[in-house]
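Shown here: protein_35.txt, compact mmCIF, C-alpha atoms.
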# COMPACT_ATOMS: atom_id res chain seq x y z
CA MET B 1 -45.44 -111.21 101.18
CA LYS B 2 -49.08 -110.20 100.95
CA LYS B 3 -51.69 -111.92 98.81
CA PHE B 4 -54.62 -110.33 96.96
CA GLU B 5 -56.92 -112.14 99.37
CA ASP B 6 -55.47 -110.03 102.19
CA PHE B 7 -57.10 -106.91 100.72
CA ASN B 8 -60.65 -108.25 101.40
CA MET B 9 -62.11 -107.28 98.04
CA LYS B 10 -65.43 -108.30 96.49
CA PRO B 11 -65.73 -111.53 94.43
CA GLU B 12 -66.00 -109.64 91.13
CA THR B 13 -62.67 -107.93 91.73
CA MET B 14 -61.01 -111.21 92.67
CA ALA B 15 -62.40 -112.79 89.48
CA PHE B 16 -60.90 -109.89 87.49
CA ILE B 17 -57.52 -110.52 89.17
CA ARG B 18 -57.65 -114.25 88.38
CA LYS B 19 -58.63 -113.47 84.79
CA ASN B 20 -55.36 -111.55 84.44
CA GLY B 21 -53.40 -114.52 85.78
CA PHE B 22 -52.13 -112.68 88.87
CA THR B 23 -51.16 -114.74 91.90
CA VAL B 24 -49.40 -112.27 94.22
CA PRO B 25 -49.22 -108.47 93.98
CA THR B 26 -46.12 -106.79 92.59
CA PRO B 27 -44.28 -104.40 94.96
CA VAL B 28 -46.11 -101.34 93.62
CA GLN B 29 -49.48 -103.13 93.84
CA GLU B 30 -48.75 -104.27 97.38
CA GLU B 31 -48.18 -100.66 98.45
CA VAL B 32 -50.74 -98.77 96.35
CA ILE B 33 -53.85 -101.00 96.42
CA PRO B 34 -54.55 -100.92 100.20
CA ALA B 35 -53.84 -97.16 100.35
CA ALA B 36 -56.15 -96.48 97.38
CA LEU B 37 -58.88 -98.66 98.87
CA ARG B 38 -58.74 -96.50 102.02
CA GLY B 39 -59.34 -93.42 99.86
CA ARG B 40 -55.86 -91.95 100.25
CA ASP B 41 -54.20 -89.82 97.60
CA VAL B 42 -51.19 -91.69 96.21
CA ILE B 43 -48.01 -90.84 94.31
CA GLY B 44 -46.47 -93.95 92.79
CA LEU B 45 -42.94 -93.72 91.42
CA SER B 46 -42.34 -96.89 89.47
CA ALA B 47 -40.75 -98.11 86.28
CA THR B 48 -42.44 -99.40 83.15
CA GLY B 49 -43.46 -103.04 83.57
CA SER B 50 -43.87 -102.85 87.38
CA GLY B 51 -47.61 -103.57 87.35
CA LYS B 52 -48.69 -100.02 88.17
CA THR B 53 -51.67 -100.02 85.76
CA HIS B 54 -53.46 -102.70 87.74
CA ALA B 55 -52.33 -101.00 90.95
CA TYR B 56 -55.00 -98.37 90.21
CA LEU B 57 -57.42 -100.42 88.06
CA ILE B 58 -58.05 -102.92 90.86
CA PRO B 59 -59.14 -100.26 93.45
CA ILE B 60 -61.25 -98.51 90.78
CA MET B 61 -63.04 -101.77 90.01
CA GLU B 62 -63.55 -102.43 93.71
CA LYS B 63 -65.26 -99.05 94.10
CA ALA B 64 -67.18 -99.01 90.79
CA ASP B 65 -70.97 -99.12 91.05
CA ALA B 66 -72.81 -99.80 87.78
CA SER B 67 -76.16 -98.82 89.34
CA LEU B 68 -75.03 -95.18 89.49
CA ASP B 69 -75.54 -93.47 86.14
CA HIS B 70 -72.57 -91.10 86.12
CA VAL B 71 -68.80 -91.02 85.62
CA GLN B 72 -66.99 -92.32 88.70
CA ALA B 73 -63.33 -92.44 87.64
CA VAL B 74 -61.20 -90.59 85.08
CA ILE B 75 -57.85 -91.99 83.92
CA THR B 76 -55.55 -89.81 81.79
CA ALA B 77 -52.53 -90.87 79.71
CA PRO B 78 -50.32 -88.55 77.62
CA THR B 79 -50.48 -90.54 74.36
CA ARG B 80 -53.16 -92.38 72.42
CA GLU B 81 -51.15 -95.59 72.55
CA LEU B 82 -50.83 -95.52 76.33
CA ALA B 83 -54.51 -94.70 76.73
CA ALA B 84 -55.43 -97.57 74.40
CA GLN B 85 -53.24 -99.99 76.37
CA ILE B 86 -54.92 -98.96 79.63
CA TYR B 87 -58.34 -99.30 78.02
CA GLU B 88 -57.57 -102.84 76.81
CA MET B 89 -56.74 -103.81 80.40
CA ALA B 90 -59.72 -101.97 81.93
CA VAL B 91 -62.43 -103.07 79.51
CA VAL B 92 -62.10 -106.62 80.89
CA MET B 93 -63.90 -105.32 84.02
CA GLN B 94 -67.15 -105.31 82.03
CA GLU B 95 -67.08 -109.12 82.01
CA PHE B 96 -67.47 -109.19 85.79
CA ILE B 97 -69.66 -106.17 86.63
CA GLU B 98 -72.93 -106.25 84.74
CA GLY B 99 -73.80 -102.93 83.14
CA LEU B 100 -70.40 -101.34 83.75
CA ARG B 101 -69.41 -98.95 80.96
CA VAL B 102 -65.70 -98.33 80.26
CA ARG B 103 -64.99 -95.90 77.42
CA LEU B 104 -61.91 -94.60 75.58
CA TYR B 105 -61.60 -90.98 74.37
CA VAL B 106 -58.49 -90.00 72.38
CA GLY B 107 -57.58 -87.79 69.44
CA GLY B 108 -58.04 -89.35 66.03
CA GLN B 109 -61.47 -90.73 66.90
CA ASP B 110 -64.64 -89.30 65.36
CA ARG B 111 -65.60 -86.59 67.88
CA ASN B 112 -69.14 -86.28 66.54
CA LYS B 113 -69.74 -89.99 67.15
CA ASP B 114 -68.39 -89.61 70.69
CA VAL B 115 -70.75 -86.69 71.34
CA GLU B 116 -73.75 -88.61 69.95
CA ALA B 117 -72.97 -91.68 72.07
CA LEU B 118 -72.54 -89.57 75.20
CA ALA B 119 -75.96 -88.02 74.65
CA LYS B 120 -77.45 -91.52 75.07
CA SER B 121 -75.42 -92.65 78.10
CA GLN B 122 -72.46 -91.64 80.22
CA PRO B 123 -69.62 -94.08 80.97
CA HIS B 124 -68.71 -95.12 84.51
CA ILE B 125 -64.98 -95.17 83.82
CA VAL B 126 -63.35 -92.70 81.43
CA ILE B 127 -59.92 -93.36 79.90
CA GLY B 128 -58.29 -90.96 77.49
CA THR B 129 -55.83 -88.24 76.60
CA PRO B 130 -56.10 -84.95 78.56
CA GLY B 131 -56.90 -82.81 75.51
CA ARG B 132 -59.78 -84.97 74.26
CA ILE B 133 -61.29 -85.33 77.76
CA ARG B 134 -61.10 -81.55 78.27
CA ASP B 135 -62.66 -80.95 74.85
CA LEU B 136 -65.59 -83.30 75.41
CA PHE B 137 -66.19 -81.96 78.94
CA LEU B 138 -65.61 -78.21 78.72
CA THR B 139 -65.99 -77.37 75.01
CA GLU B 140 -68.71 -79.81 73.92
CA GLY B 141 -70.37 -80.26 77.31
CA ALA B 142 -71.06 -83.87 76.31
CA LEU B 143 -68.90 -85.81 78.76
CA ARG B 144 -70.07 -85.18 82.33
CA ILE B 145 -67.10 -85.94 84.57
CA ASP B 146 -67.97 -83.39 87.26
CA LYS B 147 -69.26 -86.12 89.63
CA ALA B 148 -66.18 -88.32 89.30
CA ASP B 149 -64.46 -88.86 92.63
CA ILE B 150 -61.29 -90.64 91.38
CA LEU B 151 -58.71 -89.08 89.05
CA VAL B 152 -55.69 -91.05 87.89
CA VAL B 153 -52.84 -89.24 86.13
CA ASP B 154 -50.68 -91.94 84.56
CA GLU B 155 -47.15 -91.14 83.33
CA ALA B 156 -47.30 -87.74 85.05
CA ASP B 157 -43.76 -86.69 84.09
CA MET B 158 -44.47 -87.53 80.46
CA THR B 159 -47.73 -85.55 80.71
CA LEU B 160 -45.73 -82.57 82.00
CA GLU B 161 -43.13 -82.92 79.22
CA TYR B 162 -45.81 -82.97 76.51
CA GLY B 163 -47.50 -79.87 78.01
CA PHE B 164 -50.77 -81.60 78.89
CA LEU B 165 -50.90 -80.67 82.58
CA ASP B 166 -52.78 -77.48 81.66
CA ASP B 167 -55.55 -79.60 80.12
CA ILE B 168 -55.88 -81.67 83.29
CA ASP B 169 -55.72 -78.52 85.42
CA ALA B 170 -58.64 -77.11 83.42
CA PHE B 171 -61.01 -79.90 84.42
CA ALA B 172 -59.54 -81.37 87.64
CA GLY B 173 -60.83 -78.49 89.77
CA ARG B 174 -64.39 -79.18 88.54
CA LEU B 175 -64.50 -82.81 89.66
CA GLY B 176 -66.07 -84.11 92.88
CA ASP B 177 -65.50 -82.25 96.15
CA ASP B 178 -63.88 -85.29 97.75
CA LEU B 179 -61.66 -86.06 94.79
CA GLN B 180 -59.17 -88.89 95.30
CA MET B 181 -56.13 -88.46 93.09
CA LEU B 182 -53.60 -91.13 92.12
CA ALA B 183 -50.52 -90.03 90.16
CA PHE B 184 -47.97 -92.42 88.67
CA SER B 185 -44.63 -91.40 87.25
CA ALA B 186 -41.21 -92.82 86.49
CA THR B 187 -39.53 -89.70 87.88
CA MET B 188 -40.55 -86.66 89.93
CA PRO B 189 -39.48 -83.43 88.18
CA GLU B 190 -39.62 -80.26 90.31
CA GLN B 191 -42.08 -78.67 87.85
CA LEU B 192 -44.59 -81.45 88.59
CA LYS B 193 -44.73 -80.89 92.35
CA PRO B 194 -46.84 -77.67 92.39
CA PHE B 195 -49.56 -79.39 90.33
CA LEU B 196 -49.67 -82.37 92.69
CA ARG B 197 -49.75 -80.14 95.77
CA LYS B 198 -52.70 -78.25 94.29
CA TYR B 199 -54.96 -81.30 94.08
CA MET B 200 -53.59 -83.81 96.58
CA HIS B 201 -54.22 -83.95 100.30
CA GLN B 202 -51.42 -85.50 102.37
CA PRO B 203 -50.53 -88.02 99.64
CA LEU B 204 -48.68 -91.23 100.36
CA THR B 205 -45.59 -91.62 98.17
CA PHE B 206 -44.35 -95.08 97.18
CA GLU B 207 -41.03 -95.25 95.35
CA ILE B 208 -40.55 -98.57 93.61
CA GLY B 209 -38.71 -97.74 90.38
CA ASP B 210 -35.06 -97.67 91.59
CA LYS B 211 -34.97 -101.44 91.98
CA VAL B 212 -34.30 -101.86 88.27
CA SER B 213 -30.91 -100.16 88.57
CA PHE B 214 -29.42 -103.13 90.35
CA ASN B 215 -30.77 -105.88 88.13
CA PRO B 216 -27.83 -108.31 88.01
CA ASP B 217 -29.03 -109.73 84.70
CA ILE B 218 -28.33 -106.46 82.88
CA ARG B 219 -24.77 -106.00 81.61
CA HIS B 220 -23.69 -102.36 81.16
CA VAL B 221 -21.02 -101.74 78.51
CA LEU B 222 -19.38 -98.35 77.91
CA VAL B 223 -18.47 -97.85 74.25
CA PRO B 224 -16.36 -94.78 73.30
CA CYS B 225 -17.49 -92.83 70.23
CA TYR B 226 -14.15 -91.03 69.88
CA HIS B 227 -14.71 -88.48 67.07
CA HIS B 228 -17.60 -90.41 65.48
CA THR B 229 -21.32 -89.64 65.63
CA TYR B 230 -23.74 -91.90 67.51
CA ALA B 231 -25.07 -93.29 64.24
CA GLU B 232 -21.57 -94.10 62.98
CA THR B 233 -20.68 -95.77 66.28
CA ILE B 234 -23.89 -97.80 66.24
CA ARG B 235 -23.15 -99.03 62.71
CA SER B 236 -19.62 -99.98 63.75
CA ILE B 237 -20.81 -102.16 66.66
CA LEU B 238 -23.82 -103.83 65.01
CA PRO B 239 -21.73 -106.79 63.74
CA GLY B 240 -20.63 -107.38 67.33
CA PHE B 241 -23.96 -108.64 68.67
CA HIS B 242 -27.10 -110.34 67.44
CA PRO B 243 -30.21 -108.93 69.13
CA TYR B 244 -33.72 -110.27 69.09
CA VAL B 245 -34.97 -106.72 69.52
CA CYS B 246 -32.65 -103.76 70.11
CA LEU B 247 -34.07 -100.53 71.53
CA ILE B 248 -31.95 -97.46 70.63
CA PHE B 249 -32.47 -94.42 72.87
CA ALA B 250 -31.73 -90.84 71.81
CA ASN B 251 -31.93 -87.74 74.00
CA THR B 252 -33.98 -85.61 71.59
CA ARG B 253 -36.57 -86.11 68.87
CA ALA B 254 -34.25 -84.63 66.23
CA GLU B 255 -31.44 -86.95 67.31
CA ALA B 256 -33.74 -90.00 67.15
CA ALA B 257 -34.87 -89.05 63.63
CA SER B 258 -31.29 -88.41 62.48
CA ILE B 259 -29.98 -91.72 63.83
CA ALA B 260 -32.88 -93.66 62.32
CA ALA B 261 -32.35 -91.95 58.94
CA ASP B 262 -28.62 -92.74 58.96
CA LEU B 263 -29.21 -96.40 59.81
CA ARG B 264 -31.88 -96.68 57.15
CA GLU B 265 -29.59 -95.14 54.50
CA ASN B 266 -26.97 -97.74 55.38
CA GLY B 267 -29.28 -100.71 54.96
CA VAL B 268 -30.43 -101.21 58.55
CA ARG B 269 -34.17 -101.76 58.89
CA VAL B 270 -35.30 -99.62 61.78
CA THR B 271 -38.55 -98.31 63.27
CA GLU B 272 -38.51 -94.85 64.81
CA ILE B 273 -40.90 -93.58 67.47
CA HIS B 274 -40.79 -90.00 68.77
CA GLY B 275 -42.88 -86.88 69.15
CA ASP B 276 -42.12 -85.43 65.71
CA LEU B 277 -43.98 -88.19 63.85
CA THR B 278 -47.38 -87.45 62.34
CA SER B 279 -50.37 -89.37 63.66
CA ARG B 280 -50.27 -91.66 60.62
CA GLN B 281 -46.52 -92.28 60.91
CA ARG B 282 -46.85 -93.05 64.62
CA LYS B 283 -49.68 -95.49 63.93
CA GLN B 284 -47.58 -97.26 61.27
CA ALA B 285 -44.60 -97.38 63.64
CA MET B 286 -46.69 -98.89 66.42
CA LYS B 287 -48.05 -101.52 64.04
CA SER B 288 -44.51 -102.32 62.87
CA ILE B 289 -43.41 -102.77 66.49
CA ALA B 290 -46.44 -104.89 67.36
CA ASP B 291 -45.82 -107.11 64.32
CA ALA B 292 -42.09 -107.39 65.16
CA GLU B 293 -41.18 -106.34 61.62
CA HIS B 294 -37.87 -104.72 62.54
CA THR B 295 -35.10 -105.73 64.92
CA TYR B 296 -34.10 -102.14 65.70
CA VAL B 297 -36.36 -99.49 67.27
CA CYS B 298 -35.05 -95.95 67.68
CA ALA B 299 -36.93 -93.86 70.24
CA THR B 300 -36.83 -91.03 72.74
CA ASP B 301 -37.30 -91.79 76.44
CA LEU B 302 -40.82 -90.42 76.60
CA ALA B 303 -42.06 -91.99 73.36
CA ALA B 304 -40.68 -95.39 74.43
CA ARG B 305 -42.88 -95.29 77.50
CA GLY B 306 -45.85 -95.57 75.17
CA ILE B 307 -44.79 -98.98 73.89
CA ASP B 308 -44.32 -102.29 75.60
CA ILE B 309 -41.80 -104.63 73.94
CA PRO B 310 -41.15 -107.60 76.24
CA GLU B 311 -38.61 -109.22 73.86
CA VAL B 312 -35.92 -106.51 74.11
CA SER B 313 -32.56 -108.28 74.33
CA HIS B 314 -30.30 -105.24 73.87
CA VAL B 315 -30.47 -101.52 74.57
CA ILE B 316 -28.22 -98.84 73.05
CA SER B 317 -28.08 -95.57 74.97
CA CYS B 318 -26.82 -92.72 72.79
CA GLY B 319 -25.15 -90.67 75.47
CA PHE B 320 -26.86 -89.97 78.77
CA PRO B 321 -30.04 -87.98 79.54
CA ASP B 322 -29.89 -84.93 81.84
CA ASP B 323 -31.98 -86.82 84.39
CA LEU B 324 -29.97 -89.99 84.97
CA GLU B 325 -33.12 -91.78 86.17
CA TYR B 326 -33.97 -92.10 82.50
CA TYR B 327 -30.77 -94.07 81.89
CA ILE B 328 -31.90 -96.49 84.61
CA HIS B 329 -35.20 -96.93 82.80
CA ARG B 330 -33.48 -97.30 79.43
CA ALA B 331 -31.40 -100.20 80.71
CA GLY B 332 -34.44 -101.60 82.51
CA ARG B 333 -36.22 -102.20 79.21
CA THR B 334 -34.08 -105.32 78.80
CA GLY B 335 -33.30 -108.16 81.21
CA ARG B 336 -36.97 -108.67 82.11
CA ALA B 337 -38.82 -111.72 83.34
CA GLY B 338 -35.65 -113.48 84.43
CA SER B 339 -33.88 -113.11 81.09
CA SER B 340 -30.51 -111.41 80.66
CA GLY B 341 -29.85 -108.26 78.68
CA THR B 342 -27.12 -105.87 77.61
CA CYS B 343 -27.11 -102.07 77.58
CA TYR B 344 -24.44 -100.44 75.41
CA ALA B 345 -23.83 -96.87 76.59
CA LEU B 346 -22.17 -94.82 73.83
CA TYR B 347 -20.24 -91.90 75.23
CA HIS B 348 -18.11 -88.86 74.40
CA GLU B 349 -15.66 -87.04 76.67
CA GLU B 350 -18.35 -84.67 77.96
CA ASP B 351 -20.27 -87.60 79.48
CA ALA B 352 -17.63 -88.18 82.17
CA GLN B 353 -19.66 -86.69 85.01
CA ALA B 354 -22.78 -88.71 84.16
CA ILE B 355 -20.77 -91.92 83.99
CA ARG B 356 -19.12 -91.25 87.35
CA SER B 357 -22.51 -90.50 88.93
CA LEU B 358 -23.96 -93.78 87.67
CA MET B 359 -20.91 -95.69 88.91
CA LYS B 360 -21.42 -94.15 92.37
CA ARG B 361 -25.00 -95.42 92.29
CA GLY B 362 -23.72 -98.96 91.91
CA ILE B 363 -23.73 -99.56 88.15
CA ARG B 364 -20.70 -101.54 87.06
CA PHE B 365 -19.62 -100.74 83.54
CA SER B 366 -17.31 -102.84 81.45
CA HIS B 367 -15.31 -100.73 78.98
CA GLN B 368 -15.06 -102.10 75.46
CA ARG B 369 -14.46 -101.21 71.83
CA PHE B 370 -15.52 -103.23 68.80
CA HIS B 371 -12.59 -103.21 66.40
CA GLN B 372 -11.50 -105.46 63.50
CA GLY B 373 -14.36 -107.88 64.04
CA LYS B 374 -14.05 -108.41 67.78
CA TRP B 375 -14.73 -106.77 71.12
CA ASN B 376 -11.59 -105.47 72.79
CA GLU B 377 -11.45 -104.80 76.52
CA LEU B 378 -10.24 -101.27 77.33
CA ARG B 379 -8.77 -100.18 80.64
CA PRO B 380 -11.47 -99.64 83.32
CA TYR B 381 -13.21 -96.31 82.85
CA GLY B 382 -11.73 -93.58 85.01
CA ARG B 383 -8.49 -95.38 85.75
CA PRO B 384 -5.64 -93.05 84.71
CA TYR B 385 -3.20 -94.14 82.05
CA GLN B 386 -0.03 -95.39 83.70
CA LYS B 387 2.87 -93.44 82.19
CA LYS B 388 6.10 -95.32 81.77
CA ASP B 389 8.38 -92.25 81.78
CA ASP B 390 9.82 -93.08 85.21
CA GLU B 391 10.60 -96.62 84.10
CA LEU B 392 12.28 -95.33 80.93
CA GLN B 393 14.32 -92.87 82.92
CA LYS B 394 15.43 -95.65 85.23
CA LYS B 395 16.49 -97.82 82.28
CA ILE B 396 18.38 -94.98 80.62
CA SER B 397 20.01 -94.13 83.94
CA MET B 398 21.09 -97.73 84.40
CA MET B 399 22.51 -97.84 80.87
CA MET B 400 24.54 -94.69 81.39
CA THR B 401 25.63 -95.44 84.97
CA LYS B 402 27.27 -98.82 84.90
CA LYS B 403 28.02 -100.52 88.15
CA ASN B 404 31.47 -99.76 89.60
CA ALA B 405 32.14 -97.29 86.75
CA LYS B 406 33.33 -93.74 87.15
CA VAL B 407 30.82 -91.01 86.37
CA LYS B 408 32.12 -88.98 83.43
CA PRO B 409 31.72 -85.22 83.09
CA GLY B 410 28.42 -84.16 81.49
CA TYR B 411 26.68 -87.38 82.57
CA LYS B 412 23.50 -85.65 83.76
CA LYS B 413 23.13 -83.63 80.57
CA LYS B 414 23.58 -86.73 78.42
CA ARG B 415 20.97 -88.63 80.42
CA ALA B 416 18.49 -85.75 80.18
CA ALA B 417 19.09 -85.51 76.42
CA ALA B 418 18.53 -89.25 76.00
CA ILE B 419 15.26 -89.07 77.91
CA GLU B 420 14.15 -86.06 75.85
CA ARG B 421 14.82 -88.00 72.63
CA VAL B 422 12.56 -90.82 73.88
CA HIS B 423 9.82 -88.32 74.71
CA ARG B 424 10.05 -86.68 71.28
CA GLN B 425 9.91 -90.06 69.57
CA LYS B 426 6.77 -91.02 71.53
CA LYS B 427 5.15 -87.68 70.71
CA ARG B 428 5.91 -88.09 66.98
CA GLU B 429 4.37 -91.56 67.02
CA MET B 430 1.23 -90.24 68.71
CA ILE B 431 0.87 -87.38 66.18
CA ARG B 432 1.38 -89.76 63.25
CA SER B 433 -1.25 -92.11 64.67
CA LYS B 434 -3.74 -89.26 65.04
CA ILE B 435 -3.07 -88.07 61.47
CA ARG B 436 -3.68 -91.61 60.16
CA GLU B 437 -6.99 -91.77 62.06
CA GLU B 438 -8.11 -88.36 60.76
CA LYS B 439 -7.19 -89.28 57.17
CA LYS B 440 -9.08 -92.53 57.47
CA ALA B 441 -12.16 -90.69 58.76
CA MET B 442 -11.83 -88.07 55.98
CA TYR B 443 -11.60 -90.73 53.23
CA LYS B 444 -14.56 -92.56 54.77
CA GLU B 445 -16.67 -89.39 54.82
CA ARG B 446 -15.64 -88.56 51.25
CA ALA B 447 -16.62 -92.06 50.08
CA ARG B 448 -20.00 -91.71 51.81
CA LYS B 449 -20.68 -88.36 50.09
CA ASP B 450 -19.58 -89.78 46.72
CA LYS B 451 -21.98 -92.65 47.22
CA GLU B 452 -24.81 -90.21 48.01
CA ASN B 453 -24.01 -88.19 44.88
CA GLY B 454 -23.86 -91.33 42.74
CA LEU B 455 -20.16 -90.94 41.94
Encoded form using structure tokens:
Amino acid sequence: MKKFEDFNMKPETMAFIRKNGFTVPTPVQEEVIPAALRGRDVIGLSATGSGKTHAYLIPIMEKADASLDHVQAVITAPTRELAAQIYEMAVVMQEFIEGLRVRLYVGGQDRNKDVEALAKSQPHIVIGTPGRIRDLFLTEGALRIDKADILVVDEADMTLEYGFLDDIDAFAGRLGDDLQMLAFSATMPEQLKPFLRKYMHQPLTFEIGDKVSFNPDIRHVLVPCYHHTYAETIRSILPGFHPYVCLIFANTRAEAASIAADLRENGVRVTEIHGDLTSRQRKQAMKSIADAEHTYVCATDLAARGIDIPEVSHVISCGFPDDLEYYIHRAGRTGRAGSSGTCYALYHEEDAQAIRSLMKRGIRFSHQRFHQGKWNELRPYGRPYQKKDDELQKKISMMMTKKNAKVKPGYKKKRAAAIERVHRQKKREMIRSKIREEKKAMYKERARKDKENGL
């Protein structure tokens, strides 16, 4: 295992590393830092919490020169919260390099104040959202990033999803001639590749993120929804565990909002975080999360990447995302730093293919249902139900064919009729059971609507 000392960096950079309490580099840092120091373009595929932010901040600090009065590095993040988190980590550099200027530019800040400050001096390191950086550079002409020779695109897949690649594309081509580009992403969508090819020259790709899928401290539990909604299933299992913090993942913004609203209506205190929130709502949600006001946080995959909650003890996955890598990252939000965690994967019949794919990748699911106040183990997922028809036929055959007895005329017809009666009886029982379940669900829904209408 390498040490930071092996990278032969200047004393100021080593002091910055010690200030952060680092002793040895994480896997992504071990791969990215030496490549970035050599000036290579880098694609880093790594999960949240892998140490990727310092994998690019450390080389940037090593190359930063406060005596040069121009922007030297630009770091983009798709959300204000992510940009602010990066800034909080980067601004510490100013303690060790005299005169170094690190600045944050995101929406919601006073643009006029930014323009006035930029007229007095330019930062050395720019951190911000793509839209605000483009605005200050191309529209206002206040931020002069055209001499920057390092561009970092953090959370590139999230940037693509939010539609911000066009903003980066608008200014990336106007940066330094020998631009070094570092892109970090949890996944590598096909739509992202043309953009990277446009600006990168023979990039080195380091894939670190998959290691979270085999974390032995994470327990994966399949929970059938049957005919219930995700929100109803979540409410039914909440008495079955006691989380410190539970992160609930939905596949869409609308789904996240609907689940959060349902839980809230039923007395569960929940914070929601997704792209449909207003700036004010998002700010309130982030404060609620930071202050640990609520045990339950309902989020989409992309929005959750903008928050860091180290205390997550449980994850609930409402179905499975189209890109199964996101399920890996959902589960990976728990079981960190040597602690254990549980991921409850709620599923419907249409999720069969996704479940089988994850099982082939090495994820071992237990199969459980919370019913009448306790968790009940179901038969292993995918194992077919063992029919007992053959055994019944054998028993009936033995009853009707006694040992050393003569076979009477019509024996075969009588046996077949007896077996048919057993089948009909079983079918009637199954239909009755289904009718009882449907009635129960109907009465429950009617009671809920009566409650809403104040009846």
Please produce, as JSON lines, a per-residue contact table for range 47-141 of chain B versus range 175-188 of chain B (criterion: any atom at most 12 Å away, all atoms listed in the file considered), showing the nearest atom pair and its distance in Å to one decimal, sorted by chain then residue number.
{"residue": "B:Ala47", "atom": "CA", "partner": "B:Ala186", "partner_atom": "CA", "distance": 5.3}
{"residue": "B:Thr48", "atom": "CA", "partner": "B:Ala186", "partner_atom": "CA", "distance": 7.5}
{"residue": "B:Gly49", "atom": "CA", "partner": "B:Ala186", "partner_atom": "CA", "distance": 10.9}
{"residue": "B:Ser50", "atom": "CA", "partner": "B:Ala186", "partner_atom": "CA", "distance": 10.4}
{"residue": "B:Gly51", "atom": "CA", "partner": "B:Phe184", "partner_atom": "CA", "distance": 11.2}
{"residue": "B:Lys52", "atom": "CA", "partner": "B:Phe184", "partner_atom": "CA", "distance": 7.7}
{"residue": "B:Thr53", "atom": "CA", "partner": "B:Phe184", "partner_atom": "CA", "distance": 8.9}
{"residue": "B:His54", "atom": "CA", "partner": "B:Phe184", "partner_atom": "CA", "distance": 11.7}
{"residue": "B:Ala55", "atom": "CA", "partner": "B:Phe184", "partner_atom": "CA", "distance": 9.9}
{"residue": "B:Tyr56", "atom": "CA", "partner": "B:Leu182", "partner_atom": "CA", "distance": 7.6}
{"residue": "B:Leu57", "atom": "CA", "partner": "B:Leu182", "partner_atom": "CA", "distance": 10.8}
{"residue": "B:Pro59", "atom": "CA", "partner": "B:Leu182", "partner_atom": "CA", "distance": 10.8}
{"residue": "B:Ile60", "atom": "CA", "partner": "B:Leu182", "partner_atom": "CA", "distance": 10.7}
{"residue": "B:Lys63", "atom": "CA", "partner": "B:Gln180", "partner_atom": "CA", "distance": 11.9}
{"residue": "B:His70", "atom": "CA", "partner": "B:Gly176", "partner_atom": "CA", "distance": 11.7}
{"residue": "B:Val71", "atom": "CA", "partner": "B:Leu175", "partner_atom": "CA", "distance": 10.1}
{"residue": "B:Gln72", "atom": "CA", "partner": "B:Gly176", "partner_atom": "CA", "distance": 9.3}
{"residue": "B:Ala73", "atom": "CA", "partner": "B:Gln180", "partner_atom": "CA", "distance": 9.4}
{"residue": "B:Val74", "atom": "CA", "partner": "B:Leu175", "partner_atom": "CA", "distance": 9.6}
{"residue": "B:Ile75", "atom": "CA", "partner": "B:Leu182", "partner_atom": "CA", "distance": 9.3}
{"residue": "B:Thr76", "atom": "CA", "partner": "B:Ala183", "partner_atom": "CA", "distance": 9.8}
{"residue": "B:Ala77", "atom": "CA", "partner": "B:Phe184", "partner_atom": "CA", "distance": 10.2}
{"residue": "B:Pro78", "atom": "CA", "partner": "B:Ser185", "partner_atom": "CA", "distance": 11.5}
{"residue": "B:Arg134", "atom": "CA", "partner": "B:Leu175", "partner_atom": "CA", "distance": 12.0}
{"residue": "B:Phe137", "atom": "CA", "partner": "B:Leu175", "partner_atom": "CA", "distance": 10.9}
{"residue": "B:Leu138", "atom": "CA", "partner": "B:Leu175", "partner_atom": "CA", "distance": 11.9}
Open item on the list: Need to verify the contact set: range 275-285 of chain B, 9 Å, only C-alpha atoms, exclusion of same-chain residues closer than 5 positions in sequence. Can you return it as a list of chain:residue names?
Closed with: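 Returned residues: B:Glu81, B:Gly108, B:Tyr162, B:Arg253, B:Ala254, B:Ala257, B:Ala290, B:Thr300, B:Leu302, B:Ala303.
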- [ ] Tell me, in Å to one decimal, how far CA of Gly382 in chain B is from CA of Cys318 in chain B.
- [x]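 Interatomic distance here is 19.4 Å.
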Please write out, as lines of an AutoDock Vina configuration file, where the centre of an axis-aligned box around all listed atoms of range 8-22 of chain B lies and how long its edges are, in Å to one decimal, after adding 4 Å on each side.
center_x = -59.1
center_y = -110.9
center_z = 92.9
size_x = 21.9
size_y = 15.2
size_z = 25.0
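Look at Phe195 in chain B: the protein and nucleic acid residues within 10 Å of it, using only C-alpha atoms and passing over chain neighbours fewer than 6 places away, are Leu160, Leu165, Asp166, Ile168 and Asp169 of chain B.
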- [ ] Using only C-alpha atoms, pick whichever of B:Leu151, B:Met359, B:Val221, B:Val126 has the shortest atom-to-atom distance to Ser317 in chain B.
- [x]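 Using only C-alpha atoms, Ser317 in chain B sits closest to B:Val221.
Among B:Phe4, B:Leu136, B:His367, B:Ile218, the residue with the shortest atom-to-atom distance to Ile355 in chain B, counting only C-alpha atoms, is B:His367.
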Open item on the list: So the first atom is CA of Asp69 in chain B and the second is CA of Asn8 in chain B; what is the distance between them in Å, to one decimal place?
Closed with: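 Straight-line distance from CA of Asp69 in chain B to CA of Asn8 in chain B works out to 25.9 Å.
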TODO: For Ile309 in chain B, please output as number ranges by chain all residues within 12 Å (counting only C-alpha atoms; exclusion window: fewer than 6 positions along the same chain).
DONE: B: 48-49, 244-247, 286, 288-292, 295-297, 315, 332-336
- [ ] For CA of Asn20 in chain B and CA of Phe96 in chain B, quote the distance in Å rounded to one decimal.
- [x]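 Spanning CA of Asn20 in chain B to CA of Phe96 in chain B is a straight-line distance of 12.4 Å.
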